[in-house]
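**Student:** My structure is below; once you've seen it, I'll send some questions.
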Amino acid sequence: MPNTYRARVLFVLVALFAGGLGLSLAGCGPTIGLAPGLVARMDVAGARLDVDTALGLVNHLRSDRGAPALVRDAGLEAAAQKAADAYAAQARSPQRPAPAKAFLTSAGYVSFAETFSGWRASTDDTRTLSDPDMRRAGLAVSTDSATEFGTYWVLLLAP
């Protein structure tokens, strides 16, 4: 498993830097790295998802494809959290909640950078992320260490 984790992290880093994100996400200092909100582990006590930084990464992809930026929506975030909690409790992907017109799910990735990398590697998920008709978003994560995947992500999108 450590080799799989390292491979996923390496893929994320290569994908981000190849896309020109390395400099825009660099910290203050001489080294280039990912923003802490993107690589923070969500499977540890007290973890808090940095939704603004995560959506910034999604919006960078959207900008590259000519789609408008997504804005946070409190209603979609609440629905995303409810769906993520259900996903963790049932260990199976939930159905799309009513307020969303599109959604993405993922399980097993402990950081948003890993989750985004997985979505970005999928043609269908990239198409969903880049849909110019989507303008609002709600993102949530839920964890349950007693389950197979442990960490469960839901991104809801709406016009």
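Chain labels follow the order of the structure tokens: the first chain is A, the next B, and so on; residue numbering restarts at 1 in every chain, and ligands are counted from 1 in their shown order.
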Got a sec: who's within 9 Å of region 68-74 of chain A, counting only C-alpha atoms, leaving out chain neighbours fewer than 5 positions off, as a ChimeraX atom specification?

**Tutor:** /A:51-52,55-56,58-60,62-63,79,130-139,157

**Student:** Any idea what's packed within 12 Å of Gly150 (chain A), counting only C-alpha atoms, ignoring anything in its chain fewer than 3 positions away? Could you give it as a VMD selection string?

**Tutor:** chain A and resid 41 to 44 84 to 85 87 to 92 106 to 111 141 to 147 153

**Student:** Please, could you write that set of residues out with C-alpha atoms as a PDB file, in the first residue's frame?

**Tutor:**
```
ATOM      1  CA  ARG A  41      -5.226  14.669   5.388  1.00  0.00           C
ATOM      2  CA  MET A  42      -8.942  14.467   6.090  1.00  0.00           C
ATOM      3  CA  ASP A  43      -8.654  11.158   7.958  1.00  0.00           C
ATOM      4  CA  VAL A  44      -7.126  12.644  11.106  1.00  0.00           C
ATOM      5  CA  ALA A  84     -20.879  12.361   2.087  1.00  0.00           C
ATOM      6  CA  ASP A  85     -22.012  11.241   5.542  1.00  0.00           C
ATOM      7  CA  TYR A  87     -21.674   7.576   1.619  1.00  0.00           C
ATOM      8  CA  ALA A  88     -19.399   6.894   4.601  1.00  0.00           C
ATOM      9  CA  ALA A  89     -22.156   5.189   6.598  1.00  0.00           C
ATOM     10  CA  GLN A  90     -23.259   2.928   3.733  1.00  0.00           C
ATOM     11  CA  ALA A  91     -19.868   2.600   1.981  1.00  0.00           C
ATOM     12  CA  ARG A  92     -21.542   2.988  -1.401  1.00  0.00           C
ATOM     13  CA  SER A 106     -14.754   9.505  -4.633  1.00  0.00           C
ATOM     14  CA  ALA A 107     -13.601   7.260  -1.811  1.00  0.00           C
ATOM     15  CA  GLY A 108     -10.270   6.281  -0.344  1.00  0.00           C
ATOM     16  CA  TYR A 109      -8.292   9.422  -1.100  1.00  0.00           C
ATOM     17  CA  VAL A 110      -7.222  11.204   2.088  1.00  0.00           C
ATOM     18  CA  SER A 111      -6.581  14.679   0.610  1.00  0.00           C
ATOM     19  CA  VAL A 141     -15.844  15.010   2.930  1.00  0.00           C
ATOM     20  CA  SER A 142     -16.739  12.433   5.549  1.00  0.00           C
ATOM     21  CA  THR A 143     -14.595   9.814   7.211  1.00  0.00           C
ATOM     22  CA  ASP A 144     -15.185   6.478   8.869  1.00  0.00           C
ATOM     23  CA  SER A 145     -12.025   4.571   9.711  1.00  0.00           C
ATOM     24  CA  ALA A 146     -14.031   1.388  10.271  1.00  0.00           C
ATOM     25  CA  THR A 147     -14.901   1.164   6.561  1.00  0.00           C
ATOM     26  CA  TRP A 153     -15.896  12.861  -1.028  1.00  0.00           C
TER      27      TRP A 153
END
```

**Student:** Could you state the separation of CA of Phe112 (chain A) and CA of Leu49 (chain A) in Å, given to one decimal place?

**Tutor:**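 The value is 8.2 Å.
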
**Student:** Check region 66-148 of chain A with DSSP on the backbone and list each residue it calls alpha helix (DSSP H), as a ChimeraX atom specification.

**Tutor:** /A:74-90,112-120,123-129

**Student:** Env of Ala102 (chain A): 8 Å cut, atoms = only C-alpha atoms, seq-sep filter 6 positions within chain, self excluded. Answer as a ChimeraX atom specification.

**Tutor:** /A:96,128,156-158

**Student:** Find the distance between CA of Ala86 (chain A) and CA of Thr123 (chain A) and write it in Å to one decimal.

**Tutor:**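 Straight-line distance from CA of Ala86 (chain A) to CA of Thr123 (chain A) works out to 26.1 Å.
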